[in-house]
Each structure stands twice: as C-alpha cells, then as structure tokens.
>>> print(open('structure-v2.cif').read())   # mmCIF, C-alpha atoms
data_start
#
loop_
_atom_site.label_atom_id
_atom_site.label_comp_id
_atom_site.auth_asym_id
_atom_site.auth_seq_id
_atom_site.Cartn_x
_atom_site.Cartn_y
_atom_site.Cartn_z
CA MET E 1 41.57 3.75 6.29
CA SER E 2 42.36 7.37 5.52
CA ALA E 3 42.22 10.08 8.16
CA GLU E 4 38.95 11.48 6.76
CA TRP E 5 36.98 8.47 7.98
CA THR E 6 38.23 8.34 11.57
CA GLY E 7 36.85 10.09 14.64
CA ILE E 8 33.40 11.49 15.27
CA TRP E 9 32.92 13.66 12.15
CA PRO E 10 31.92 10.99 9.63
CA TRP E 11 29.24 9.88 12.08
CA VAL E 12 27.97 13.44 12.58
CA SER E 13 28.00 13.91 8.83
CA THR E 14 26.01 10.70 8.32
CA LEU E 15 23.48 11.64 10.98
CA GLY E 16 23.03 15.00 9.23
CA LEU E 17 22.45 13.18 5.95
CA ALA E 18 19.69 11.16 7.61
CA VAL E 19 18.08 14.45 8.70
CA VAL E 20 18.38 15.66 5.08
CA THR E 21 16.53 12.53 3.93
CA VAL E 22 13.71 13.06 6.41
CA VAL E 23 13.31 16.77 5.73
CA THR E 24 13.40 16.53 1.91
CA ARG E 25 11.12 13.48 1.68
CA ALA E 26 8.58 14.83 4.16
CA PHE E 27 8.95 18.51 3.25
CA PHE E 28 5.38 19.48 2.32
CA MET E 29 3.92 17.05 4.84
CA ILE E 30 5.50 18.79 7.81
CA PRO E 31 3.25 21.91 8.12
CA GLU E 32 -0.18 21.32 9.69
CA ARG E 33 -1.98 23.26 6.98
CA GLU E 34 -1.58 22.77 3.27
CA VAL E 35 0.82 25.25 1.64
CA PRO E 36 -1.16 27.10 -1.04
CA MET E 37 0.19 26.56 -4.55
CA PRO E 38 -0.99 27.88 -7.90
CA GLU E 39 -3.04 25.54 -10.09
CA TRP E 40 -0.53 25.34 -12.97
CA PHE E 41 2.17 24.41 -10.49
CA LYS E 42 0.14 21.47 -9.22
CA ARG E 43 -0.51 20.30 -12.78
CA GLY E 44 3.18 20.62 -13.60
CA LEU E 45 4.15 18.52 -10.58
CA LYS E 46 2.83 15.45 -12.35
CA TYR E 47 5.79 15.60 -14.73
CA ALA E 48 8.42 16.01 -12.01
CA PRO E 49 8.85 12.38 -10.92
CA LEU E 50 9.22 11.01 -14.42
CA ALA E 51 11.56 13.87 -15.31
CA ALA E 52 13.71 13.06 -12.29
CA LEU E 53 13.87 9.41 -13.32
CA ALA E 54 14.72 10.25 -16.93
CA ALA E 55 17.38 12.69 -15.72
CA VAL E 56 19.00 10.00 -13.59
CA ILE E 57 18.83 7.30 -16.28
CA ALA E 58 19.84 9.16 -19.45
CA PRO E 59 23.41 10.02 -18.37
CA GLU E 60 23.85 6.48 -17.02
CA ILE E 61 23.07 5.03 -20.45
CA LEU E 62 24.38 7.70 -22.80
CA MET E 63 27.47 9.10 -21.08
CA SER E 64 30.78 7.93 -19.70
CA GLN E 65 33.24 10.08 -17.77
CA GLY E 66 31.11 13.17 -18.20
CA ALA E 67 30.85 13.08 -22.01
CA LEU E 68 28.42 11.56 -24.49
CA ILE E 69 29.65 8.15 -25.56
CA THR E 70 31.17 8.15 -29.01
CA SER E 71 31.41 4.42 -29.65
CA LEU E 72 28.51 2.10 -30.46
CA ALA E 73 30.54 -0.75 -28.99
CA ASP E 74 29.16 -0.07 -25.53
CA ALA E 75 27.28 -2.87 -23.79
CA ARG E 76 24.77 -0.41 -22.32
CA LEU E 77 23.26 0.51 -25.70
CA PRO E 78 22.22 -2.98 -26.93
CA ALA E 79 21.19 -3.87 -23.36
CA ALA E 80 18.94 -0.82 -23.01
CA LEU E 81 17.54 -1.42 -26.50
CA CYS E 82 16.68 -5.08 -25.81
CA ALA E 83 15.24 -4.15 -22.41
CA SER E 84 13.07 -1.49 -24.08
CA ILE E 85 11.82 -3.93 -26.71
CA TYR E 86 10.96 -6.41 -23.98
CA PHE E 87 9.06 -3.75 -22.07
CA VAL E 88 7.01 -2.71 -25.10
CA TRP E 89 6.21 -6.39 -25.67
CA LYS E 90 5.38 -7.62 -22.15
CA ARG E 91 5.23 -4.49 -19.98
CA GLY E 92 6.96 -6.19 -17.03
CA ILE E 93 9.72 -4.48 -15.05
CA LEU E 94 11.32 -7.69 -13.71
CA GLY E 95 11.68 -9.11 -17.23
CA THR E 96 13.08 -5.79 -18.44
CA ILE E 97 15.89 -6.04 -15.87
CA VAL E 98 16.57 -9.72 -16.63
CA VAL E 99 16.66 -9.25 -20.43
CA GLY E 100 18.81 -6.12 -20.14
CA MET E 101 21.34 -7.78 -17.84
CA ALA E 102 21.37 -10.95 -19.98
CA VAL E 103 22.57 -8.79 -22.87
CA TYR E 104 24.78 -6.50 -20.76
CA LEU E 105 26.82 -8.87 -18.62
CA PRO E 106 28.24 -11.12 -21.40
CA LEU E 107 29.09 -8.12 -23.57
CA HIS E 108 30.58 -6.14 -20.67
CA ILE E 109 32.51 -8.87 -18.84
CA GLY E 110 33.16 -11.17 -21.79
CA TRP E 111 33.97 -8.74 -24.58
CA GLY E 112 34.92 -5.78 -22.46
CA TRP E 113 32.41 -3.45 -24.15
CA MET Z 114 1.36 2.69 26.37
CA GLN Z 115 2.38 4.88 23.48
CA THR Z 116 4.48 2.10 21.91
CA HIS Z 117 1.63 -0.33 22.45
CA ALA Z 118 -0.77 1.92 20.54
CA ILE Z 119 1.71 2.38 17.70
CA TRP Z 120 2.27 -1.39 17.54
CA GLN Z 121 -1.48 -2.01 17.36
CA ARG Z 122 -1.85 0.55 14.59
CA ALA Z 123 1.06 -0.98 12.67
CA THR Z 124 -0.29 -4.52 12.86
CA GLY Z 125 -3.70 -3.21 11.86
CA ILE Z 126 -2.18 -1.65 8.75
CA ALA Z 127 -0.17 -4.78 7.96
CA ARG Z 128 -3.21 -7.05 8.24
CA GLU Z 129 -5.14 -5.25 5.51
CA PRO Z 130 -5.10 -6.98 2.11
CA ALA Z 131 -3.74 -3.82 0.47
CA PHE Z 132 -0.51 -4.25 2.46
CA SER Z 133 0.48 -7.47 0.69
CA ILE Z 134 -0.63 -5.97 -2.62
CA GLY Z 135 1.82 -3.15 -1.89
CA VAL Z 136 4.61 -5.62 -1.12
CA ARG Z 137 3.92 -7.44 -4.38
CA ALA Z 138 3.89 -4.16 -6.30
CA VAL Z 139 7.55 -3.51 -5.47
CA MET Z 140 8.60 -7.15 -6.03
CA ALA Z 141 9.02 -6.42 -9.73
CA THR Z 142 11.72 -3.83 -9.06
CA MET Z 143 13.32 -5.73 -6.16
CA LEU Z 144 16.00 -7.30 -8.34
CA GLY Z 145 17.11 -3.94 -9.71
CA ILE Z 146 16.92 -2.21 -6.34
CA GLY Z 147 18.82 -5.13 -4.83
CA ALA Z 148 21.61 -4.83 -7.39
CA TRP Z 149 21.75 -1.09 -6.87
CA GLY Z 150 21.84 -1.51 -3.09
CA LEU Z 151 24.64 -4.04 -3.41
CA VAL Z 152 26.68 -1.65 -5.53
CA THR Z 153 26.06 1.21 -3.10
CA GLY Z 154 27.19 -0.98 -0.21
CA VAL Z 155 30.37 -1.98 -2.03
CA ALA Z 156 31.06 1.61 -3.05
CA MET Z 157 30.80 2.85 0.54
CA VAL Z 158 33.41 0.39 1.80
CA LYS Z 159 35.67 0.87 -1.23
CA ALA Z 160 35.59 4.62 -0.53
CA GLY Z 161 37.24 3.85 2.80
CA MET Z 162 34.33 3.72 5.26
CA SER Z 163 34.53 1.31 8.18
CA VAL Z 164 31.93 -1.47 8.14
CA PRO Z 165 29.97 -0.15 11.18
CA LEU Z 166 29.85 3.36 9.73
CA ALA Z 167 28.71 2.06 6.34
CA ILE Z 168 25.94 -0.02 7.94
CA PHE Z 169 24.95 2.98 10.05
CA MET Z 170 24.73 5.11 6.90
CA SER Z 171 22.72 2.51 5.02
CA LEU Z 172 20.20 2.15 7.86
CA THR Z 173 19.79 5.85 8.63
CA VAL Z 174 20.32 7.79 5.39
CA TYR Z 175 18.43 5.31 3.15
CA ALA Z 176 18.89 7.33 -0.04
CA GLY Z 177 21.08 5.59 -2.61
CA SER Z 178 21.56 8.45 -5.02
CA ALA Z 179 22.46 10.91 -2.23
CA GLN Z 180 24.84 8.44 -0.60
CA LEU Z 181 26.70 7.87 -3.87
CA ALA Z 182 26.84 11.61 -4.51
CA VAL Z 183 28.39 12.51 -1.14
CA LEU Z 184 30.90 9.64 -0.96
CA PRO Z 185 33.60 11.41 -2.99
CA LEU Z 186 33.05 14.56 -0.91
CA MET Z 187 33.35 12.73 2.41
CA MET Z 188 36.42 10.92 1.09
CA VAL Z 189 38.34 14.16 0.74
CA GLY Z 190 37.01 15.54 4.03
CA ALA Z 191 34.80 18.24 2.49
CA PRO Z 192 33.11 20.63 4.99
CA LEU Z 193 29.89 19.33 6.53
CA TRP Z 194 27.73 21.97 4.89
CA VAL Z 195 29.00 21.00 1.43
CA VAL Z 196 28.16 17.35 2.08
CA TRP Z 197 24.69 18.17 3.39
CA PHE Z 198 23.95 20.71 0.68
CA THR Z 199 24.89 18.22 -2.03
CA ALA Z 200 22.60 15.59 -0.54
CA THR Z 201 19.79 18.16 -0.33
CA CYS Z 202 20.18 19.01 -4.03
CA VAL Z 203 20.14 15.36 -5.05
CA ASN Z 204 17.04 14.86 -2.88
CA LEU Z 205 15.14 17.92 -4.11
CA ARG Z 206 12.93 15.72 -6.28
CA PHE Z 207 11.55 14.24 -3.05
CA VAL Z 208 10.46 17.71 -1.97
CA ILE Z 209 8.31 17.84 -5.10
CA LEU Z 210 6.94 14.34 -4.47
CA SER Z 211 6.11 15.21 -0.86
CA SER Z 212 3.46 17.68 -1.99
CA MET Z 213 1.73 14.80 -3.79
CA TRP Z 214 1.93 12.58 -0.72
CA ARG Z 215 0.29 15.33 1.27
CA HIS Z 216 -2.81 15.04 -0.88
CA TYR Z 217 -3.29 11.41 0.20
CA PHE Z 218 -1.91 11.44 3.73
CA GLY Z 219 -2.28 15.05 4.90
CA HIS Z 220 -4.96 14.05 7.42
CA LEU Z 221 -2.58 11.89 9.50
CA ARG Z 222 -0.74 13.01 12.62
CA LEU Z 223 2.62 14.78 12.23
CA ALA Z 224 4.73 11.81 13.43
CA HIS Z 225 2.97 9.49 10.99
CA ARG Z 226 3.30 11.98 8.12
CA VAL Z 227 7.03 12.39 8.73
CA SER Z 228 7.62 8.63 8.91
CA LEU Z 229 5.68 8.19 5.67
CA GLY Z 230 7.92 10.80 4.11
CA TYR Z 231 11.10 9.11 5.31
CA PHE Z 232 10.13 5.79 3.71
CA SER Z 233 8.80 7.25 0.44
CA GLY Z 234 11.27 6.79 -2.39
CA ASP Z 235 10.90 7.02 -6.16
CA ILE Z 236 9.96 3.35 -6.49
CA ILE Z 237 7.18 3.60 -3.92
CA PHE Z 238 5.82 6.69 -5.61
CA VAL Z 239 5.67 4.93 -8.96
CA ALA Z 240 4.05 1.79 -7.53
CA PHE Z 241 1.48 4.01 -5.81
CA ALA Z 242 0.78 6.08 -8.92
CA GLN Z 243 0.29 2.93 -10.97
CA ARG Z 244 -2.23 1.45 -8.58
CA TYR Z 245 -4.04 4.76 -7.98
CA PRO Z 246 -3.88 6.68 -11.26
CA THR Z 247 -6.66 9.11 -10.27
CA PRO Z 248 -6.21 11.52 -7.35
CA GLU Z 249 -9.14 9.93 -5.51
CA LYS Z 250 -8.50 9.17 -1.82
CA LYS Z 251 -9.18 5.66 -0.52
CA PRO Z 252 -8.71 4.19 2.98
CA GLU Z 253 -6.68 1.22 1.69
CA GLN Z 254 -4.00 3.56 0.30
CA LEU Z 255 -2.26 3.76 3.68
CA SER Z 256 -1.84 -0.02 3.87
CA PHE Z 257 -0.70 -0.17 0.26
CA PHE Z 258 1.91 2.51 0.92
CA TRP Z 259 3.33 0.73 3.94
CA GLY Z 260 3.40 -2.59 2.12
CA ALA Z 261 5.39 -1.08 -0.75
CA ALA Z 262 7.61 0.89 1.65
CA VAL Z 263 8.46 -2.11 3.82
CA GLY Z 264 9.12 -4.31 0.77
CA ASN Z 265 11.42 -1.73 -0.74
CA TRP Z 266 13.21 -1.02 2.56
CA VAL Z 267 13.91 -4.68 3.25
CA SER Z 268 15.23 -5.43 -0.24
CA TRP Z 269 17.43 -2.31 -0.21
CA GLN Z 270 18.88 -2.89 3.27
CA VAL Z 271 19.54 -6.61 2.79
CA ALA Z 272 21.36 -5.95 -0.49
CA SER Z 273 23.19 -2.86 0.76
CA ILE Z 274 24.46 -4.57 3.94
CA ALA Z 275 25.42 -7.64 1.90
CA GLY Z 276 27.43 -5.32 -0.33
CA ILE Z 277 29.13 -3.75 2.71
CA LEU Z 278 30.09 -7.13 4.18
CA LEU Z 279 31.17 -8.69 0.87
CA ALA Z 280 32.87 -5.60 -0.54
CA ASP Z 281 36.19 -7.35 -1.08
CA VAL Z 282 34.59 -10.22 -3.00
CA ILE Z 283 32.31 -8.27 -5.35
CA PRO Z 284 34.14 -6.49 -8.17
CA LEU Z 285 32.55 -3.15 -9.04
CA ASP Z 286 33.70 -3.38 -12.67
CA TRP Z 287 31.17 -6.13 -13.41
CA GLY Z 288 28.69 -3.32 -13.79
CA LEU Z 289 25.99 -4.81 -11.55
CA GLY Z 290 24.73 -1.30 -10.92
CA PHE Z 291 23.37 -1.30 -14.44
CA ALA Z 292 20.54 -3.50 -13.16
CA GLY Z 293 19.45 -0.52 -11.07
CA VAL Z 294 19.42 1.67 -14.18
CA LEU Z 295 17.33 -0.95 -16.00
CA ALA Z 296 14.89 -1.10 -13.09
CA LEU Z 297 14.46 2.67 -13.23
CA LEU Z 298 14.08 2.46 -17.01
CA GLY Z 299 11.22 0.00 -16.62
CA VAL Z 300 9.65 2.22 -13.99
CA LEU Z 301 9.99 5.24 -16.28
CA TYR Z 302 8.37 3.44 -19.23
CA SER Z 303 5.40 2.48 -17.11
CA MET Z 304 4.86 6.18 -16.31
CA LEU Z 305 4.67 7.25 -19.97
CA LYS Z 306 1.00 7.37 -20.80
CA ASP Z 307 0.48 10.05 -23.46
CA LYS Z 308 2.24 12.53 -25.73
CA ALA Z 309 2.83 15.04 -22.95
CA THR Z 310 4.55 12.53 -20.64
CA TRP Z 311 6.70 11.19 -23.49
CA LEU Z 312 7.75 14.70 -24.44
CA ALA Z 313 8.55 15.50 -20.80
CA ALA Z 314 10.74 12.39 -20.53
CA VAL Z 315 12.62 13.11 -23.76
CA VAL Z 316 13.18 16.75 -22.77
CA ALA Z 317 14.36 15.71 -19.30
CA SER Z 318 16.83 13.19 -20.75
CA GLY Z 319 18.25 15.73 -23.17
CA ALA Z 320 18.50 18.45 -20.53
CA ALA Z 321 20.14 16.10 -18.01
CA VAL Z 322 22.81 15.11 -20.53
CA ALA Z 323 23.34 18.67 -21.78
CA ALA Z 324 23.63 20.12 -18.26
CA PHE Z 325 25.68 17.22 -16.90
CA ALA Z 326 28.70 19.42 -16.24
CA LEU Z 327 26.83 21.44 -13.57
CA PRO Z 328 28.04 20.79 -10.03
CA LEU Z 329 26.02 19.11 -7.25
CA LYS Z 330 23.88 17.08 -9.67
CA MET Z 331 22.04 20.28 -10.53
CA ASN Z 332 21.46 18.81 -14.01
CA ILE Z 333 18.60 16.80 -12.48
CA LEU Z 334 16.86 19.99 -11.35
CA VAL Z 335 17.45 21.66 -14.73
CA ALA Z 336 15.91 18.57 -16.36
CA ILE Z 337 12.88 18.66 -14.05
CA ALA Z 338 12.25 22.36 -14.75
CA ALA Z 339 12.58 21.84 -18.52
CA ALA Z 340 10.34 18.77 -18.54
CA VAL Z 341 7.61 20.39 -16.42
CA THR Z 342 7.61 23.37 -18.79
CA ALA Z 343 7.46 21.10 -21.84
CA GLY Z 344 4.66 19.01 -20.34
CA LEU Z 345 2.56 22.05 -19.46
CA LEU Z 346 3.09 23.61 -22.89
CA MET Z 347 2.08 20.34 -24.54
CA GLU Z 348 -1.09 20.18 -22.42
CA THR Z 349 -1.97 23.74 -23.38
CA ALA Z 350 -1.30 23.08 -27.06
CA GLU Z 351 -3.43 19.94 -27.05
CA ARG Z 352 -6.30 21.72 -25.32
CA ARG Z 353 -6.14 24.57 -27.82
CA ALA Z 354 -6.00 22.14 -30.76
CA ALA Z 355 -9.08 20.35 -29.45
CA ARG Z 356 -10.98 23.63 -29.19
CA LEU Z 357 -10.13 24.86 -32.67
CA GLN Z 358 -12.12 23.19 -35.42
CA PRO Z 359 -10.14 22.74 -38.63
CA GLN Z 360 -10.99 25.61 -40.97
CA PRO Z 361 -12.84 24.40 -44.08
CA ALA Z 362 -10.74 25.10 -47.18
CA ILE Z 363 -12.18 27.37 -49.83
CA ARG Z 364 -12.14 25.58 -53.19
CA PRO Z 365 -12.27 27.02 -56.67
CA PRO Z 366 -15.68 27.05 -58.46
CA ASP Z 367 -16.64 23.85 -60.27
CA PRO Z 368 -18.33 24.92 -63.58
CA SER Z 369 -19.87 21.47 -64.08
CA LYS Z 370 -22.00 22.08 -60.94
CA GLY Z 371 -22.88 25.56 -62.19
CA GLU Z 372 -20.71 27.30 -59.58
CA LYS Z 373 -19.43 30.74 -60.51
CA PHE Z 374 -17.60 31.80 -57.37
CA PRO Z 375 -15.09 30.10 -55.05
CA VAL Z 376 -17.00 27.83 -52.69
CA MET Z 377 -16.48 27.48 -48.96
CA PRO Z 378 -17.80 24.00 -48.04
CA LEU Z 379 -20.19 24.00 -45.10
CA PRO Z 380 -19.55 21.74 -42.09
CA GLU Z 381 -20.52 18.15 -42.90
CA ARG Z 382 -23.72 17.98 -40.93
CA ALA Z 383 -25.13 21.05 -42.69
CA GLN Z 384 -24.31 19.48 -46.07
CA ASP Z 385 -26.18 16.32 -45.09
CA LYS Z 386 -29.24 18.38 -44.29
CA GLU Z 387 -29.03 20.16 -47.63
CA SER Z 388 -28.80 16.93 -49.59
CA GLN Z 389 -31.83 15.43 -47.82
#
>>> encode(input="structure-v2.cif", output="structure tokens")
Amino acid sequence: MSAEWTGIWPWVSTLGLAVVTVVTRAFFMIPEREVPMPEWFKRGLKYAPLAALAAVIAPEILMSQGALITSLADARLPAALCASIYFVWKRGILGTIVVGMAVYLPLHIGWGW
Amino acid sequence: MQTHAIWQRATGIAREPAFSIGVRAVMATMLGIGAWGLVTGVAMVKAGMSVPLAIFMSLTVYAGSAQLAVLPLMMVGAPLWVVWFTATCVNLRFVILSSMWRHYFGHLRLAHRVSLGYFSGDIIFVAFAQRYPTPEKKPEQLSFFWGAAVGNWVSWQVASIAGILLADVIPLDWGLGFAGVLALLGVLYSMLKDKATWLAAVVASGAAVAAFALPLKMNILVAIAAAVTAGLLMETAERRAARLQPQPAIRPPDPSKGEKFPVMPLPERAQDKESQ
C-alpha cells in the first residue's frame, strides 16, 4: 500500500465525499421554503437527467483514452448496436444488458476487440 | 422513543404495495448496476485502498461515478479540496434532480427529505419518472421511492463489497463495467419520448464527446447545458409551428376554368361551402 492511503487522511477524505453526496443529492430539498425559479428553467430541467445519462454513456461507447475511436473493430460498437436493436424490439432493460454483454464479452475476451 | 417512531414509519412505508412495485422497478437494471458496483469495488482496491477503507467508502459515499472520478486523485495524494470539488462537479446533476424531488417530497420533514436525497440516484429517478410521467402528486409515491431506493442500494452494496473482497480474482480487463454502460443505455432509451428528448440526447452525447478534454468531468455539465438549450429551442419551435397555419400557395390562373388572374386557394372548409 502506498503512503497516500495510510493514516487518517483517506478516511477524512472519504467522510467528506459522503457529505458531498448528501449535499448534492438533497440540495434543493434542504431549505424549508421552495427556492423560486423561472418557468423556462423548470421546463428545461426535464432534459437534464437524460442529458447527464447521455453524457456519461457516449464517451464510454465512442471513445478510448480520451479520443474518438478510429477502428470499427471495437467490441463496444456491435454490442451497443445489438443492445439498441433489442431495446427497440422488446423495450426491456434487462434484456438490453444481456444481449449487449452476449455480443461484447466473446468479442472482447475472445478476439481481443 | 424517536427510533421507535422512525421504525414504525419505515415499516408502514415498506408494507404498502407501492414499495414492492418500486423494488421490482429497479430489478431490470440490477444486473447492470451490480456489474458496475463490482467494477467500482475492484477499482478501489486495485487503486491501493485497504479493504476496510474501501468498504467504508462504498457504504458512506454511495456514488459510483464520483468514487471512480476521485480514485486517481486520492492515489496521488491530491489536496482534500481538489478531491471534494471533483466529486461535487461529478454530482452536480443530482443538484438538478433534487429540485424535481422537492416537487414530490417537499412536504416531508427535513431529516426525511435529506435521507430521500441521499438515496436518490439516477436509476431511482428514471424508475420514478417512468411510473409517474405526469407531475401529479400521489401518496403512494413515497413507498415507491423507498422500494426503488432500497432495491438499488442493496444490489449496489452487495456487488461493490463483493468486488472489494474478490479484487484479486476478478480481472478488470474483462470489461464487466460495460454492463453498467448498457444498463444506462437502456435507461436512457426509455426516457426518449419525443423529438425534443431525442434531440437533447443527441446534443448531449456530441457535446460530452467534444468537451471530453475538460478537467473534472466538466464535459457532463457542458452537455447538460447544451441539451437543455436544444430541448427548449425544439419545444419553442414546435409550438410556433403548430400555431402557424401553412400559407396557401398562389397558383397561376387556369384559363379552362375562366380564371384571368392568379388564384389564392381558400382554406379547405370555405371551398367546401362554396361547392355546396
């Protein structure tokens, strides 16, 4: 174990991270009275969660080591494609994961894509 | 006495039928969340954390994306404020979600509101939004929330702690974490309902990739801002298009009908009346 992980500081740091989780997740629920917000802002909020998801997913599928992938021989692309087709067909999340991994794992582990 | 009252309230919530509906609602994503939790657990130990510290982090921080983001910083002994600031940036999307939770649960006591916030992740938000697509408030929503939250918490913690304990056995290069990405992909697809939401998702994906080089995962915030703007513009454009009737085209005169001047056709209903 390296020196950075010994002593009290990693624990303090972790405890602080827990506080960050509580404060960010509960942020607008903490004040007793509702914080006034303009109408357009409230309407726009509806797009925020799906944007956050898309922003997390897109780089995970389309990038490696901080750059757009250049090769089509990447297991993530056929896996994501098959998973998407499954979703359009059956609209089930569990099946989407299973189909995607069934394409991904053999290509990734077996062929090294 | 206080604990007794809380216990009674909790069992009351858990006994409602909406609670088990909530648990079942997150079942679908459990596999993906489990795989993601496992990978997070392995990553923590591989980064050099001791097993007790990793378990402590899993149980208290309970935010996979933030944990993964701060690991490299903690590994090199970055200052506390850098670690905490990074986690805050990664978690900023929860700040936005919390204003939606307030709409449903703003009437509860502070302690209850804060605990709700702590257990509300992306997955729970999506499950909730799918079951309650309209902003109408219902009493069963509290039980549904807790059902989904407990289901998600248990599957995450079991997988994450398993990953911590089995870190030496599970190779990270298998790419099990991709199951988490697929779970989120499924969740995202189920949120796309119309043109505006599709556009927002495409814009967010593009912006997140384009701004990937920004530090502290700020590309996620750039993507949110771009997608919200795109969604609002699309809404405005659609509303304006619905209000504007298509202009009738002026056509040249047809001599066979005895017309001498260019004709502007009247709206259809008026023509019907004329022909009658």
>>> resolve_selection(input="structure-v2.cif", expression="the PyMOL selection byres ((chain Z and resi 302) around 10)", output="number ranges by chain")
E: 50, 54, 84, 87-88, 91-93; Z: 297-301, 303-306, 310-311, 314
>>> resolve_selection(input="structure-v2.cif", expression="the PyMOL selection byres ((chain E) within 6 of (chain Z))", output="list in words")
Met1, Glu4, Thr14, Leu17, Ala18, Val22, Thr24, Arg25, Ala26, Phe27, Phe28, Met29, Gly44, Tyr47, Ala48, Ala51, Ala52, Ala54, Ala55, Ala58, Pro59, Ile93, Leu94 and Ile97 of chain E
>>> write_last_selection(input="structure-v2.cif", atoms="C-alpha atoms", output="PDB file, keeping the file's coordinate frame")
ATOM      1  CA  MET E   1      41.570   3.750   6.290  1.00  0.00           C
ATOM      2  CA  GLU E   4      38.950  11.480   6.760  1.00  0.00           C
ATOM      3  CA  THR E  14      26.010  10.700   8.320  1.00  0.00           C
ATOM      4  CA  LEU E  17      22.450  13.180   5.950  1.00  0.00           C
ATOM      5  CA  ALA E  18      19.690  11.160   7.610  1.00  0.00           C
ATOM      6  CA  VAL E  22      13.710  13.060   6.410  1.00  0.00           C
ATOM      7  CA  THR E  24      13.400  16.530   1.910  1.00  0.00           C
ATOM      8  CA  ARG E  25      11.120  13.480   1.680  1.00  0.00           C
ATOM      9  CA  ALA E  26       8.580  14.830   4.160  1.00  0.00           C
ATOM     10  CA  PHE E  27       8.950  18.510   3.250  1.00  0.00           C
ATOM     11  CA  PHE E  28       5.380  19.480   2.320  1.00  0.00           C
ATOM     12  CA  MET E  29       3.920  17.050   4.840  1.00  0.00           C
ATOM     13  CA  GLY E  44       3.180  20.620 -13.600  1.00  0.00           C
ATOM     14  CA  TYR E  47       5.790  15.600 -14.730  1.00  0.00           C
ATOM     15  CA  ALA E  48       8.420  16.010 -12.010  1.00  0.00           C
ATOM     16  CA  ALA E  51      11.560  13.870 -15.310  1.00  0.00           C
ATOM     17  CA  ALA E  52      13.710  13.060 -12.290  1.00  0.00           C
ATOM     18  CA  ALA E  54      14.720  10.250 -16.930  1.00  0.00           C
ATOM     19  CA  ALA E  55      17.380  12.690 -15.720  1.00  0.00           C
ATOM     20  CA  ALA E  58      19.840   9.160 -19.450  1.00  0.00           C
ATOM     21  CA  PRO E  59      23.410  10.020 -18.370  1.00  0.00           C
ATOM     22  CA  ILE E  93       9.720  -4.480 -15.050  1.00  0.00           C
ATOM     23  CA  LEU E  94      11.320  -7.690 -13.710  1.00  0.00           C
ATOM     24  CA  ILE E  97      15.890  -6.040 -15.870  1.00  0.00           C
TER      25      ILE E  97
END
>>> atom_distance(input="structure-v2.cif", atom1="CA of Ile283 in chain Z", atom2="CA of Trp149 in chain Z")
12.9 Å
>>> resolve_selection(input="structure-v2.cif", expression="the PyMOL selection byres ((chain Z and resi 121-133) around 12)", output="PyMOL selection string")
chain Z and resi 114-120+134-140+225+241+244+251-264
>>> atom_distance(input="structure-v2.cif", atom1="CA of Val164 in chain Z", atom2="CA of Ile277 in chain Z")
6.5 Å
>>> closest_residue(input="structure-v2.cif", among="Z:Ile274, Z:Met377, Z:Val267, Z:Leu151", to="Ile363 in chain Z", atoms="only C-alpha atoms")
Z:Met377
>>> closest_residue(input="structure-v2.cif", among="E:Trp113, E:Lys90, E:Trp5, E:Tyr104", to="Met157 in chain Z", atoms="all atoms listed in the file")
E:Trp5
>>> atom_distance(input="structure-v2.cif", atom1="CA of Val35 in chain E", atom2="CA of Lys250 in chain Z")
18.9 Å
>>> residues_around(input="structure-v2.cif", residues="Pro78 in chain E", least_positions_apart="5", cutoff="10 Å", atoms="only C-alpha atoms", output="list in words")
Leu72, Ala73, Ala83, Ser84, Gly100, Val103, Tyr104 and Leu107 of chain E
